[in-house]
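So the structure is just underneath, and the comments pick up after that.
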Amino acid sequence: MQDYVDCPRRFQLRYVEGQAWPGVVAEPFLENERQLERGAWFHRLVERHQLGMDEALLSASIDDPQVRDWWDAYLAFEWVHKLEGGHYPELALDVELGGYRFAAKYDLLVDTPNGRVVIVDWKTYPYAPSRRWFAGRLQTRLYRLLLVEAARGFLGREVSSEQVTMVYWVAGDGRALDFEYSLQQFDEDRVFVLGLVREVMERGDGEWPLAGEDRRCGYCEFRSLCGRGNVPGSVDVLCVEDANSAGWGLDFGFWDVEEVGF
Ligand code: SF4
């Protein structure tokens with residue numbers, strides 16, 4: 001959905017037409033690939049730690065300095081280690097909303113004893129983008145919304161929007177940004193998200209609108225197809241704000257998600 005908001009044409013090429021286009025996302029190509037692998041590796045380490053695996057054993061398995069730095073920063077993030085309640089890492093939820101099926105994969109959900117449910121999302125960015133940038137992300141809007149909708153099926157009880165908090169933790173600078181939720185925001189998100197899906201469903205077969213900003217094209221594999229240049233962006237100057245374009249997220253699909261019973 002973030003792809004659709006960033007550029008309807010990219011969404012069409014990637015998900016509607018399934019276009020395989022051999023454009024390089026960023027250069028040096030191997031460094032970008034390596035960075036994606038490091039991110040996935042870090043997420044696996046944290047998942048295992050949250051499941052209770054031995055910290056020393058996990059630490060000993062790391063032979064990459066970048067992953068080591070992220071891991072050390074994670075271990076120093078005391079707040080999350082002291083957070084009481086049931087910890088559910090890498091939890092995938094599937095919800096029907098307005099007649100459409102939505103799926104979200106949470107890095108970590110914590111069901112705390114006072115009824116508050118905390119969503120924690122690990123970002124392997126070198127620094128934390130602004131609060132405003134995070135607040136506008138589809139992930140922020142959708143993950144809180146889907147949690148409220150799926151709570152009964154997953155936790156066996158209702159969770160109000162006021163009981164939901166989302167925390168982004170950034171490995172590069174160790175910053176944590178928290179986002180509370182409210183009934184008003186929940187209502188706005190529901191209308192917004194369903195409106196987006198309806199818009200997608202109503203689009204025809206012609207070429208969907210291209211991104212307004214060329215900057216979004218620098219790290220997009222379709223740039224030559226769209227006449228937006230032939231030169232890939234550089235990994236060295238890749239801003240975290242471009243992370244979605246460069247595929248810096250963990251891919252998953254509906255096939256990875258169990259349906260939640262209601
Ligand atoms: S190159 Fe630009 S306009 Fe074309 S799909 Fe990618 S982001 Fe959209």
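Residue names in the structure tokens use chain letters A, B, ... in the order shown, residue numbers from 1 in each chain, and ligand numbers from 1 in the order shown.
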Residues up to 6 Å from ligand 1, counting only C-alpha atoms and all ligand atoms: could you list those as an mmCIF file with N, CA and C atoms, in the first residue's frame?
data_model
loop_
_atom_site.group_PDB
_atom_site.id
_atom_site.type_symbol
_atom_site.label_atom_id
_atom_site.label_comp_id
_atom_site.auth_asym_id
_atom_site.auth_seq_id
_atom_site.Cartn_x
_atom_site.Cartn_y
_atom_site.Cartn_z
ATOM 1 N N CYS A 7 3.663 5.820 -5.512
ATOM 2 C CA CYS A 7 3.581 5.853 -6.972
ATOM 3 C C CYS A 7 2.603 4.780 -7.465
ATOM 4 N N ARG A 9 1.834 3.910 -10.366
ATOM 5 C CA ARG A 9 2.388 3.132 -11.480
ATOM 6 C C ARG A 9 3.285 2.000 -10.957
ATOM 7 N N ARG A 10 4.064 2.285 -9.928
ATOM 8 C CA ARG A 10 4.930 1.235 -9.374
ATOM 9 C C ARG A 10 4.076 0.096 -8.799
ATOM 10 N N LEU A 210 2.117 8.257 -12.698
ATOM 11 C CA LEU A 210 3.511 8.118 -12.267
ATOM 12 C C LEU A 210 3.753 9.003 -11.044
ATOM 13 N N ALA A 211 4.782 8.687 -10.295
ATOM 14 C CA ALA A 211 5.139 9.481 -9.115
ATOM 15 C C ALA A 211 5.360 10.930 -9.528
ATOM 16 N N ARG A 216 11.698 9.815 -6.119
ATOM 17 C CA ARG A 216 11.220 8.471 -5.808
ATOM 18 C C ARG A 216 11.706 7.455 -6.841
ATOM 19 N N CYS A 217 12.053 7.935 -8.032
ATOM 20 C CA CYS A 217 12.433 7.024 -9.121
ATOM 21 C C CYS A 217 13.889 6.595 -9.021
ATOM 22 N N CYS A 220 14.141 3.075 -7.902
ATOM 23 C CA CYS A 220 13.064 2.204 -8.385
ATOM 24 C C CYS A 220 13.556 1.449 -9.617
ATOM 25 N N PHE A 222 12.046 0.317 -12.049
ATOM 26 C CA PHE A 222 11.308 0.564 -13.289
ATOM 27 C C PHE A 222 11.692 1.873 -13.973
ATOM 28 N N ARG A 223 12.749 2.548 -13.482
ATOM 29 C CA ARG A 223 12.999 3.915 -13.950
ATOM 30 C C ARG A 223 13.178 4.009 -15.461
ATOM 31 N N CYS A 226 9.878 3.852 -17.273
ATOM 32 C CA CYS A 226 9.067 5.067 -17.133
ATOM 33 C C CYS A 226 9.734 6.291 -17.747
ATOM 34 N N ARG A 228 12.452 7.638 -16.650
ATOM 35 C CA ARG A 228 12.942 8.456 -15.539
ATOM 36 C C ARG A 228 14.427 8.199 -15.272
#
- Out of range 22-262 of chain A, which residues get alpha helix (DSSP H) from DSSP, as JSON, numbers by chain? {"A": [29, 30, 31, 32, 33, 34, 35, 36, 37, 38, 39, 40, 41, 42, 43, 44, 45, 46, 47, 48, 49, 50, 55, 56, 57, 58, 59, 60, 65, 66, 67, 68, 69, 70, 71, 72, 73, 74, 75, 78, 79, 80, 81, 131, 132, 133, 134, 135, 136, 138, 139, 140, 141, 142, 143, 144, 145, 146, 147, 148, 149, 150, 151, 152, 153, 154, 155, 183, 184, 185, 186, 187, 188, 189, 190, 191, 192, 193, 194, 195, 196, 197, 198, 199, 200, 201, 202]}
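Closest approach to Ala76 in chain A among A:Leu177, A:Leu109, A:Ala171, A:Leu91 is made by A:Ala171 (distances from only C-alpha atoms).
One distance worth recording is that between CA of Leu13 in chain A and CA of Arg215 in chain A, which is 18.2 Å.
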- Query: Given the choices A:Glu78, A:Asp107, A:Glu17, A:Glu188, which gets closest to Leu45 in chain A if the distance is worked out from only C-alpha atoms?
  - Reply: A:Asp107
Could you give me the residues within range 30-189 of chain A that DSSP places in strand (DSSP E or B), as a PDB file with N, CA and C atoms, in the first residue's frame?
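Written output follows (part38.pdb):
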ATOM      1  N   GLY A  86       2.989 -10.679  27.671  1.00  0.00           N
ATOM      2  CA  GLY A  86       3.281 -11.690  26.663  1.00  0.00           C
ATOM      3  C   GLY A  86       3.957 -11.067  25.460  1.00  0.00           C
ATOM      4  N   HIS A  87       5.119 -11.598  25.083  1.00  0.00           N
ATOM      5  CA  HIS A  87       5.860 -11.084  23.922  1.00  0.00           C
ATOM      6  C   HIS A  87       5.607 -12.011  22.730  1.00  0.00           C
ATOM      7  N   TYR A  88       5.139 -11.436  21.630  1.00  0.00           N
ATOM      8  CA  TYR A  88       4.850 -12.218  20.425  1.00  0.00           C
ATOM      9  C   TYR A  88       5.662 -11.656  19.256  1.00  0.00           C
ATOM     10  N   PRO A  89       6.844 -12.227  18.996  1.00  0.00           N
ATOM     11  CA  PRO A  89       7.655 -11.713  17.886  1.00  0.00           C
ATOM     12  C   PRO A  89       7.198 -12.268  16.539  1.00  0.00           C
ATOM     13  N   GLU A  90       7.445 -11.482  15.504  1.00  0.00           N
ATOM     14  CA  GLU A  90       7.155 -11.877  14.110  1.00  0.00           C
ATOM     15  C   GLU A  90       5.740 -12.451  13.990  1.00  0.00           C
ATOM     16  N   LEU A  91       4.802 -11.704  14.451  1.00  0.00           N
ATOM     17  CA  LEU A  91       3.411 -12.161  14.455  1.00  0.00           C
ATOM     18  C   LEU A  91       2.679 -11.632  13.218  1.00  0.00           C
ATOM     19  N   ALA A  92       2.106 -12.546  12.456  1.00  0.00           N
ATOM     20  CA  ALA A  92       1.355 -12.145  11.263  1.00  0.00           C
ATOM     21  C   ALA A  92      -0.137 -12.226  11.559  1.00  0.00           C
ATOM     22  N   LEU A  93      -0.854 -11.165  11.282  1.00  0.00           N
ATOM     23  CA  LEU A  93      -2.298 -11.126  11.482  1.00  0.00           C
ATOM     24  C   LEU A  93      -2.992 -10.860  10.159  1.00  0.00           C
ATOM     25  N   ASP A  94      -4.158 -11.407  10.056  1.00  0.00           N
ATOM     26  CA  ASP A  94      -4.923 -11.324   8.827  1.00  0.00           C
ATOM     27  C   ASP A  94      -6.335 -10.917   9.210  1.00  0.00           C
ATOM     28  N   VAL A  95      -6.835  -9.862   8.616  1.00  0.00           N
ATOM     29  CA  VAL A  95      -8.118  -9.304   9.033  1.00  0.00           C
ATOM     30  C   VAL A  95      -8.964  -8.951   7.820  1.00  0.00           C
ATOM     31  N   GLU A  96     -10.253  -9.184   7.938  1.00  0.00           N
ATOM     32  CA  GLU A  96     -11.160  -8.719   6.892  1.00  0.00           C
ATOM     33  C   GLU A  96     -11.736  -7.371   7.311  1.00  0.00           C
ATOM     34  N   LEU A  97     -11.661  -6.428   6.388  1.00  0.00           N
ATOM     35  CA  LEU A  97     -12.073  -5.067   6.704  1.00  0.00           C
ATOM     36  C   LEU A  97     -12.839  -4.533   5.496  1.00  0.00           C
ATOM     37  N   TYR A 100     -12.577  -6.497   2.360  1.00  0.00           N
ATOM     38  CA  TYR A 100     -11.246  -6.760   1.790  1.00  0.00           C
ATOM     39  C   TYR A 100     -10.382  -7.442   2.836  1.00  0.00           C
ATOM     40  N   ARG A 101      -9.416  -8.198   2.338  1.00  0.00           N
ATOM     41  CA  ARG A 101      -8.523  -8.909   3.250  1.00  0.00           C
ATOM     42  C   ARG A 101      -7.215  -8.131   3.410  1.00  0.00           C
ATOM     43  N   PHE A 102      -6.833  -7.895   4.653  1.00  0.00           N
ATOM     44  CA  PHE A 102      -5.594  -7.170   4.958  1.00  0.00           C
ATOM     45  C   PHE A 102      -4.680  -8.082   5.770  1.00  0.00           C
ATOM     46  N   ALA A 103      -3.385  -7.942   5.561  1.00  0.00           N
ATOM     47  CA  ALA A 103      -2.425  -8.711   6.342  1.00  0.00           C
ATOM     48  C   ALA A 103      -1.322  -7.787   6.835  1.00  0.00           C
ATOM     49  N   ALA A 104      -0.861  -8.039   8.037  1.00  0.00           N
ATOM     50  CA  ALA A 104       0.249  -7.259   8.587  1.00  0.00           C
ATOM     51  C   ALA A 104       1.156  -8.202   9.354  1.00  0.00           C
ATOM     52  N   LYS A 105       2.443  -7.968   9.261  1.00  0.00           N
ATOM     53  CA  LYS A 105       3.385  -8.785  10.020  1.00  0.00           C
ATOM     54  C   LYS A 105       4.081  -7.878  11.028  1.00  0.00           C
ATOM     55  N   TYR A 106       3.868  -8.169  12.289  1.00  0.00           N
ATOM     56  CA  TYR A 106       4.405  -7.331  13.369  1.00  0.00           C
ATOM     57  C   TYR A 106       5.752  -7.888  13.824  1.00  0.00           C
ATOM     58  N   ASP A 107       6.741  -7.010  13.942  1.00  0.00           N
ATOM     59  CA  ASP A 107       8.037  -7.464  14.460  1.00  0.00           C
ATOM     60  C   ASP A 107       7.872  -7.991  15.877  1.00  0.00           C
ATOM     61  N   LEU A 108       7.093  -7.253  16.680  1.00  0.00           N
ATOM     62  CA  LEU A 108       6.864  -7.676  18.065  1.00  0.00           C
ATOM     63  C   LEU A 108       5.573  -7.053  18.578  1.00  0.00           C
ATOM     64  N   LEU A 109       4.746  -7.888  19.203  1.00  0.00           N
ATOM     65  CA  LEU A 109       3.570  -7.379  19.922  1.00  0.00           C
ATOM     66  C   LEU A 109       3.755  -7.744  21.384  1.00  0.00           C
ATOM     67  N   VAL A 110       3.486  -6.796  22.270  1.00  0.00           N
ATOM     68  CA  VAL A 110       3.554  -7.100  23.703  1.00  0.00           C
ATOM     69  C   VAL A 110       2.201  -6.788  24.317  1.00  0.00           C
ATOM     70  N   ASP A 111       1.601  -7.823  24.892  1.00  0.00           N
ATOM     71  CA  ASP A 111       0.306  -7.686  25.567  1.00  0.00           C
ATOM     72  C   ASP A 111       0.608  -7.475  27.049  1.00  0.00           C
ATOM     73  N   VAL A 117      -1.566  -2.759  24.625  1.00  0.00           N
ATOM     74  CA  VAL A 117      -0.840  -3.614  23.674  1.00  0.00           C
ATOM     75  C   VAL A 117       0.145  -2.733  22.910  1.00  0.00           C
ATOM     76  N   VAL A 118       1.400  -3.146  22.929  1.00  0.00           N
ATOM     77  CA  VAL A 118       2.466  -2.340  22.320  1.00  0.00           C
ATOM     78  C   VAL A 118       2.980  -3.047  21.066  1.00  0.00           C
ATOM     79  N   ILE A 119       2.988  -2.311  19.977  1.00  0.00           N
ATOM     80  CA  ILE A 119       3.577  -2.805  18.723  1.00  0.00           C
ATOM     81  C   ILE A 119       4.994  -2.247  18.658  1.00  0.00           C
ATOM     82  N   VAL A 120       5.976  -3.119  18.512  1.00  0.00           N
ATOM     83  CA  VAL A 120       7.361  -2.633  18.371  1.00  0.00           C
ATOM     84  C   VAL A 120       7.840  -3.003  16.974  1.00  0.00           C
ATOM     85  N   ASP A 121       8.425  -2.030  16.299  1.00  0.00           N
ATOM     86  CA  ASP A 121       8.930  -2.273  14.943  1.00  0.00           C
ATOM     87  C   ASP A 121      10.404  -1.891  14.891  1.00  0.00           C
ATOM     88  N   TRP A 122      11.250  -2.834  14.491  1.00  0.00           N
ATOM     89  CA  TRP A 122      12.699  -2.582  14.416  1.00  0.00           C
ATOM     90  C   TRP A 122      13.027  -2.029  13.045  1.00  0.00           C
ATOM     91  N   LYS A 123      13.733  -0.925  13.009  1.00  0.00           N
ATOM     92  CA  LYS A 123      14.190  -0.371  11.734  1.00  0.00           C
ATOM     93  C   LYS A 123      15.721  -0.353  11.727  1.00  0.00           C
ATOM     94  N   VAL A 164      -3.656   1.066  22.450  1.00  0.00           N
ATOM     95  CA  VAL A 164      -2.624   0.657  21.479  1.00  0.00           C
ATOM     96  C   VAL A 164      -1.525   1.721  21.373  1.00  0.00           C
ATOM     97  N   THR A 165      -0.296   1.275  21.414  1.00  0.00           N
ATOM     98  CA  THR A 165       0.857   2.162  21.176  1.00  0.00           C
ATOM     99  C   THR A 165       1.763   1.490  20.154  1.00  0.00           C
ATOM    100  N   MET A 166       2.277   2.274  19.241  1.00  0.00           N
ATOM    101  CA  MET A 166       3.252   1.728  18.295  1.00  0.00           C
ATOM    102  C   MET A 166       4.598   2.411  18.545  1.00  0.00           C
ATOM    103  N   VAL A 167       5.641   1.598  18.641  1.00  0.00           N
ATOM    104  CA  VAL A 167       6.983   2.135  18.905  1.00  0.00           C
ATOM    105  C   VAL A 167       7.913   1.721  17.774  1.00  0.00           C
ATOM    106  N   TYR A 168       8.527   2.693  17.126  1.00  0.00           N
ATOM    107  CA  TYR A 168       9.578   2.411  16.151  1.00  0.00           C
ATOM    108  C   TYR A 168      10.912   2.551  16.876  1.00  0.00           C
ATOM    109  N   TRP A 169      11.739   1.552  16.723  1.00  0.00           N
ATOM    110  CA  TRP A 169      13.080   1.632  17.306  1.00  0.00           C
ATOM    111  C   TRP A 169      14.090   1.573  16.153  1.00  0.00           C
ATOM    112  N   VAL A 170      15.006   2.542  16.139  1.00  0.00           N
ATOM    113  CA  VAL A 170      15.954   2.659  15.029  1.00  0.00           C
ATOM    114  C   VAL A 170      17.339   2.200  15.483  1.00  0.00           C
ATOM    115  N   ALA A 176      13.967   5.685  19.948  1.00  0.00           N
ATOM    116  CA  ALA A 176      12.642   5.057  19.913  1.00  0.00           C
ATOM    117  C   ALA A 176      11.607   6.168  19.808  1.00  0.00           C
ATOM    118  N   LEU A 177      10.675   5.998  18.894  1.00  0.00           N
ATOM    119  CA  LEU A 177       9.602   6.981  18.723  1.00  0.00           C
ATOM    120  C   LEU A 177       8.276   6.267  18.947  1.00  0.00           C
ATOM    121  N   ASP A 178       7.477   6.797  19.860  1.00  0.00           N
ATOM    122  CA  ASP A 178       6.220   6.117  20.147  1.00  0.00           C
ATOM    123  C   ASP A 178       5.032   6.905  19.614  1.00  0.00           C
ATOM    124  N   PHE A 179       4.022   6.148  19.181  1.00  0.00           N
ATOM    125  CA  PHE A 179       2.808   6.734  18.603  1.00  0.00           C
ATOM    126  C   PHE A 179       1.600   6.130  19.288  1.00  0.00           C
ATOM    127  N   GLU A 180       0.918   6.972  20.068  1.00  0.00           N
ATOM    128  CA  GLU A 180      -0.315   6.531  20.716  1.00  0.00           C
ATOM    129  C   GLU A 180      -1.408   6.440  19.654  1.00  0.00           C
TER     130      GLU A 180
END
- CA of Arg68 in chain A and CA of Trp133 in chain A are how many Å apart? 27.3 Å
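Considering the residues A:Glu199, A:Val148, A:Gly136, A:Asn230 and counting only C-alpha atoms, Tyr4 in chain A has its shortest atom-to-atom contact with A:Glu199.
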- Message: Please list as a list in words every residue within 12 Å of Gly115 in chain A, counting only C-alpha atoms and excluding residues in the same chain fewer than 6 positions away.
- Response: Glu84, Gly85, Gly86, Ala151, Leu155, Arg157, Glu158, Val159, Ser160, Ser161, Glu162, Gln163, Val164 and Thr165 of chain A
Could you save the residues just selected, with N, CA and C atoms, as a PDB file, in the first residue's frame?
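Generated output (result.pdb):
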ATOM      1  N   GLU A  84       6.841  -5.758  30.584  1.00  0.00           N
ATOM      2  CA  GLU A  84       6.183  -6.973  31.082  1.00  0.00           C
ATOM      3  C   GLU A  84       5.003  -7.365  30.194  1.00  0.00           C
ATOM      4  N   GLY A  85       4.706  -8.649  30.187  1.00  0.00           N
ATOM      5  CA  GLY A  85       3.553  -9.139  29.428  1.00  0.00           C
ATOM      6  C   GLY A  85       3.968 -10.206  28.437  1.00  0.00           C
ATOM      7  N   GLY A  86       2.989 -10.679  27.671  1.00  0.00           N
ATOM      8  CA  GLY A  86       3.281 -11.690  26.663  1.00  0.00           C
ATOM      9  C   GLY A  86       3.957 -11.067  25.460  1.00  0.00           C
ATOM     10  N   ALA A 151      -7.873  -7.868  17.474  1.00  0.00           N
ATOM     11  CA  ALA A 151      -7.556  -8.219  18.866  1.00  0.00           C
ATOM     12  C   ALA A 151      -8.423  -9.350  19.407  1.00  0.00           C
ATOM     13  N   LEU A 155      -6.247 -12.128  20.758  1.00  0.00           N
ATOM     14  CA  LEU A 155      -6.058 -12.082  22.215  1.00  0.00           C
ATOM     15  C   LEU A 155      -7.284 -12.574  22.991  1.00  0.00           C
ATOM     16  N   ARG A 157      -9.984 -10.872  23.488  1.00  0.00           N
ATOM     17  CA  ARG A 157     -10.665  -9.746  24.139  1.00  0.00           C
ATOM     18  C   ARG A 157     -10.558  -8.525  23.237  1.00  0.00           C
ATOM     19  N   GLU A 158     -11.466  -7.600  23.484  1.00  0.00           N
ATOM     20  CA  GLU A 158     -11.412  -6.344  22.729  1.00  0.00           C
ATOM     21  C   GLU A 158     -10.236  -5.502  23.204  1.00  0.00           C
ATOM     22  N   VAL A 159      -9.623  -4.795  22.286  1.00  0.00           N
ATOM     23  CA  VAL A 159      -8.591  -3.802  22.639  1.00  0.00           C
ATOM     24  C   VAL A 159      -9.044  -2.489  22.024  1.00  0.00           C
ATOM     25  N   SER A 160      -9.193  -1.472  22.844  1.00  0.00           N
ATOM     26  CA  SER A 160      -9.638  -0.179  22.317  1.00  0.00           C
ATOM     27  C   SER A 160      -8.459   0.539  21.661  1.00  0.00           C
ATOM     28  N   SER A 161      -8.754   1.495  20.831  1.00  0.00           N
ATOM     29  CA  SER A 161      -7.670   2.222  20.167  1.00  0.00           C
ATOM     30  C   SER A 161      -6.780   2.936  21.191  1.00  0.00           C
ATOM     31  N   GLU A 162      -7.387   3.394  22.296  1.00  0.00           N
ATOM     32  CA  GLU A 162      -6.592   4.092  23.323  1.00  0.00           C
ATOM     33  C   GLU A 162      -5.610   3.157  24.026  1.00  0.00           C
ATOM     34  N   GLN A 163      -5.803   1.859  23.874  1.00  0.00           N
ATOM     35  CA  GLN A 163      -4.901   0.893  24.533  1.00  0.00           C
ATOM     36  C   GLN A 163      -3.749   0.458  23.616  1.00  0.00           C
ATOM     37  N   VAL A 164      -3.656   1.066  22.450  1.00  0.00           N
ATOM     38  CA  VAL A 164      -2.624   0.657  21.479  1.00  0.00           C
ATOM     39  C   VAL A 164      -1.525   1.721  21.373  1.00  0.00           C
ATOM     40  N   THR A 165      -0.296   1.275  21.414  1.00  0.00           N
ATOM     41  CA  THR A 165       0.857   2.162  21.176  1.00  0.00           C
ATOM     42  C   THR A 165       1.763   1.490  20.154  1.00  0.00           C
TER      43      THR A 165
END
